[in-house]
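Novice: Okay, so here is structure.cif, and as you'll see once you scroll down, it has mmCIF, C-alpha atoms.
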```cif
data_upload
#
loop_
_atom_site.label_atom_id
_atom_site.label_comp_id
_atom_site.auth_asym_id
_atom_site.auth_seq_id
_atom_site.Cartn_x
_atom_site.Cartn_y
_atom_site.Cartn_z
CA MET A 1 8.75 -37.75 50.59
CA ASN A 2 9.53 -38.35 46.99
CA PRO A 3 8.70 -35.41 44.80
CA GLN A 4 6.47 -36.27 41.88
CA PRO A 5 7.98 -35.71 38.45
CA PRO A 6 6.29 -32.88 36.61
CA THR A 7 3.58 -34.08 34.31
CA GLN A 8 3.36 -32.94 30.73
CA PRO A 9 0.18 -31.16 29.69
CA PRO A 10 -1.88 -33.00 27.11
CA PRO A 11 -1.06 -32.01 23.53
CA VAL A 12 -3.30 -29.35 22.13
CA SER A 13 -4.86 -30.23 18.84
CA LEU A 14 -5.19 -27.24 16.58
CA PRO A 15 -7.75 -27.21 13.82
CA ALA A 16 -6.25 -27.72 10.41
CA SER A 17 -5.92 -24.30 8.83
CA GLN A 18 -7.19 -23.90 5.34
CA PRO A 19 -5.03 -22.00 2.89
CA ARG A 20 -6.32 -18.51 2.29
CA THR A 21 -7.87 -17.78 -1.06
CA ALA A 22 -6.46 -15.18 -3.43
CA ARG A 23 -9.43 -12.96 -2.61
CA GLU A 24 -8.70 -13.08 1.13
CA VAL A 25 -5.02 -12.28 0.64
CA ILE A 26 -5.75 -9.43 -1.76
CA ASP A 27 -8.50 -8.01 0.48
CA ALA A 28 -6.05 -8.01 3.42
CA ALA A 29 -3.36 -6.27 1.33
CA ILE A 30 -5.79 -3.61 0.13
CA GLN A 31 -7.04 -3.06 3.68
CA GLU A 32 -3.44 -2.47 4.82
CA ASN A 33 -2.88 -0.07 1.91
CA ARG A 34 -6.01 1.93 2.74
CA ALA A 35 -4.53 3.23 6.00
CA TRP A 36 -1.44 4.53 4.17
CA GLU A 37 -3.55 5.98 1.39
CA ARG A 38 -5.67 7.89 3.90
CA THR A 39 -2.54 9.09 5.71
CA CYS A 40 -1.05 10.38 2.46
CA LEU A 41 -4.29 12.14 1.56
CA ALA A 42 -4.51 13.70 5.03
CA PHE A 43 -0.96 15.07 4.72
CA THR A 44 -1.78 16.30 1.22
CA VAL A 45 -4.76 18.26 2.48
CA ALA A 46 -2.88 19.55 5.54
CA PHE A 47 0.11 20.79 3.52
CA ALA A 48 -2.08 22.35 0.83
CA LEU A 49 -4.29 24.19 3.33
CA THR A 50 -1.30 25.31 5.39
CA GLY A 51 0.48 26.55 2.30
CA ILE A 52 -2.56 28.45 1.03
CA GLY A 53 -3.17 29.95 4.46
CA VAL A 54 0.42 31.12 4.83
CA VAL A 55 0.48 32.56 1.28
CA ILE A 56 -2.71 34.51 2.03
CA ALA A 57 -1.31 35.69 5.38
CA GLY A 58 1.90 36.81 3.65
CA ALA A 59 -0.05 38.66 0.98
CA VAL A 60 -2.30 40.39 3.52
CA ARG A 61 0.69 41.47 5.61
CA ASP A 62 2.64 42.38 2.49
CA ASN A 63 5.46 40.07 3.55
CA GLY A 64 7.11 38.26 0.66
CA ILE A 65 9.18 35.94 2.86
CA VAL A 66 6.08 34.62 4.61
CA ALA A 67 4.32 34.16 1.27
CA LEU A 68 7.37 32.33 -0.09
CA SER A 69 7.43 29.99 2.90
CA GLY A 70 3.73 29.32 2.33
CA ALA A 71 4.46 28.40 -1.27
CA ALA A 72 7.17 26.01 -0.07
CA ALA A 73 4.79 24.43 2.45
CA GLY A 74 2.10 24.20 -0.19
CA ALA A 75 4.50 22.45 -2.56
CA LEU A 76 4.93 19.66 -0.01
CA PHE A 77 1.49 18.35 -0.90
CA TRP A 78 2.84 16.91 -4.16
CA PRO A 79 4.72 13.98 -2.59
CA GLY A 80 1.68 13.00 -0.53
CA LEU A 81 -0.53 13.19 -3.58
CA ARG A 82 1.95 11.13 -5.60
CA TYR A 83 2.14 8.40 -2.95
CA ALA A 84 -1.65 8.32 -2.49
CA SER A 85 -2.06 8.00 -6.25
CA ALA A 86 0.54 5.21 -6.41
CA THR A 87 -1.20 3.36 -3.58
CA ARG A 88 -4.52 3.64 -5.40
CA ARG A 89 -2.90 2.34 -8.59
CA GLU A 90 -1.44 -0.63 -6.70
CA ASN A 91 -4.85 -1.43 -5.20
CA VAL A 92 -6.39 -1.46 -8.67
CA ALA A 93 -3.56 -3.69 -9.90
CA LEU A 94 -4.25 -6.10 -7.02
CA ARG A 95 -7.93 -6.24 -7.97
CA MET A 96 -6.96 -6.92 -11.58
CA LEU A 97 -4.68 -9.68 -10.33
CA GLU A 98 -7.60 -11.13 -8.42
CA LEU A 99 -9.63 -11.27 -11.63
CA SER A 100 -6.77 -12.94 -13.50
CA LEU A 101 -6.27 -15.50 -10.75
CA THR A 102 -9.98 -16.24 -10.59
CA HIS A 103 -10.06 -17.04 -14.31
CA ALA A 104 -6.79 -19.02 -14.33
CA LYS A 105 -7.38 -22.70 -14.96
CA THR A 106 -3.83 -23.93 -14.41
CA GLY A 107 -0.97 -23.09 -12.12
CA GLN A 108 1.03 -21.82 -15.08
CA GLN A 109 -1.73 -19.38 -16.04
CA ALA A 110 -1.83 -18.13 -12.45
CA ALA A 111 1.96 -17.71 -12.38
CA ASP A 112 1.88 -15.83 -15.69
CA ALA A 113 -0.85 -13.52 -14.35
CA ILE A 114 1.18 -12.78 -11.22
CA ARG A 115 4.36 -12.17 -13.24
CA GLU A 116 2.54 -9.82 -15.62
CA VAL A 117 1.06 -7.73 -12.80
CA PHE A 118 4.34 -7.45 -10.94
CA LEU A 119 6.34 -6.58 -14.03
CA SER A 120 3.88 -3.93 -15.19
CA ASN A 121 3.09 -2.32 -11.84
CA PHE A 122 5.62 -2.98 -9.12
CA ARG A 123 9.01 -3.10 -10.80
CA LYS A 124 11.02 -0.31 -12.32
CA GLY A 125 12.86 -1.28 -15.49
CA ALA A 126 10.59 -4.29 -16.00
CA GLY A 127 12.01 -4.86 -19.48
CA ASP A 128 15.29 -6.10 -17.97
CA VAL A 129 13.66 -8.95 -16.06
CA PRO A 130 13.91 -12.39 -17.67
CA THR A 131 10.55 -14.12 -18.02
CA GLY A 132 11.96 -17.63 -17.84
CA SER A 133 10.78 -18.63 -21.32
#
```
Can the structure from this file be put into structure tokens for me?

Specialist:
Amino acid sequence: MNPQPPTQPPPVSLPASQPRTAREVIDAAIQENRAWERTCLAFTVAFALTGIGVVIAGAVRDNGIVALSGAAAGALFWPGLRYASATRRENVALRMLELSLTHAKTGQQAADAIREVFLSNFRKGAGDVPTGS
């Protein structure tokens, strides 16, 4: 009884994947950003309503400490609002990038469009970055 050597499965041929277009990549990025934007807005609303409710409860009960804690909780809505606003701004910048890439006729024009968007929207201290020219 000679054991048979294991046979290799036939190679699987995968369909050639096409590179994704700029529109597909940007749509995917914006879709990912939307979840975070909604989360930030939800926290903004929750902190604002909680803060207002606690301030009102403190005022009704004539308790300054409770009202002060409500003001502190209400102030926490600012970071959520700031992040939601920044996410919205980044989504608009991505759409503007899509327009620039659509109208680019050469690779250099596309690279310049990408560099311009990143320098103006995503980088702090963009003036320090060399442009390569």

Novice: Go ahead and compute the interatomic distance for CA of Ala73 in chain A and CA of Gly51 in chain A, in Å to one decimal.

Specialist: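 Interatomic distance, CA of Ala73 in chain A to CA of Gly51 in chain A: 4.8 Å.
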
Novice: Out of A:Leu97, A:Ile52, A:Arg82, A:Trp36, which residue has the shortest atom-to-atom distance to Gly70 in chain A when counting only C-alpha atoms?

Specialist: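 That would be A:Ile52, the residue with the smallest distance to Gly70 in chain A.
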
Novice: Please indicate the distance in Å from CA of Thr106 in chain A to CA of Arg20 in chain A, rounded to one decimal place.

Specialist: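 CA of Arg20 in chain A lies at a distance of 17.7 Å from CA of Thr106 in chain A.
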
Novice: So, with only C-alpha atoms as the atoms that count, which of A:Ala72, A:Leu41, A:Val92, A:Ala46 lies closest to Asp27 in chain A?

Specialist: A:Val92

Novice: Between CA of Leu76 in chain A and CA of Ile30 in chain A, what is the distance in Å, rounded to a tenth?

Specialist: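 Pair CA of Leu76 in chain A / CA of Ile30 in chain A returns 25.6 Å.
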
Novice: Using all atoms listed in the file, which residue out of A:Ala113, A:Ser85, A:Arg95, A:Ala104 lies closest to Arg38 in chain A?

Specialist: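 Going through A:Ala113, A:Ser85, A:Arg95, A:Ala104 one by one, the smallest distance to Arg38 in chain A is for A:Ser85.
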
Novice: Can you spell out as a list of chain:residue names the set of residues that the PyMOL selection byres ((chain A and resi 89) around 12) selects in the structure I just provided?

Specialist: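 With the PyMOL selection byres ((chain A and resi 89) around 12) on this model, the match is A:Ile30, A:Asn33, A:Arg34, A:Glu37, A:Arg82, A:Tyr83, A:Ala84, A:Ser85, A:Ala86, A:Thr87, A:Arg88, A:Glu90, A:Asn91, A:Val92, A:Ala93, A:Leu94, A:Arg95, A:Met96, A:Val117, A:Ser120, A:Asn121, A:Phe122.
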
Novice: Rank nothing, just name the residue among A:Ala111, A:Ile56, A:Leu49, A:Phe43 nearest to Leu68 in chain A, using all atoms listed in the file.

Specialist: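 Nearest candidate to Leu68 in chain A out of A:Ala111, A:Ile56, A:Leu49, A:Phe43: A:Ile56.
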
Novice: For Gly53 in chain A, which residue out of A:Ala75, A:Ala35, A:Cys40, A:Ala67 is the nearest one, using only C-alpha atoms?

Specialist: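 Among the listed residues, the smallest separation from Gly53 in chain A belongs to A:Ala67.
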
Novice: With all atoms of range 52-63 of chain A from the file as input, state the centre and edge lengths in Å to one decimal of the axis-aligned box that has 6 Å extra on each side, as lines of an AutoDock Vina configuration file.

Specialist:
```
center_x = 1.1
center_y = 35.4
center_z = 3.3
size_x = 20.6
size_y = 25.9
size_z = 16.6
```

Novice: Between A:Ile26, A:Phe118, A:Ala57, A:Leu101, which has the minimum distance to Ala71 in chain A (counting only C-alpha atoms)?

Specialist: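 Looking only at the distances to Ala71 in chain A, the closest residue turns out to be A:Ala57.
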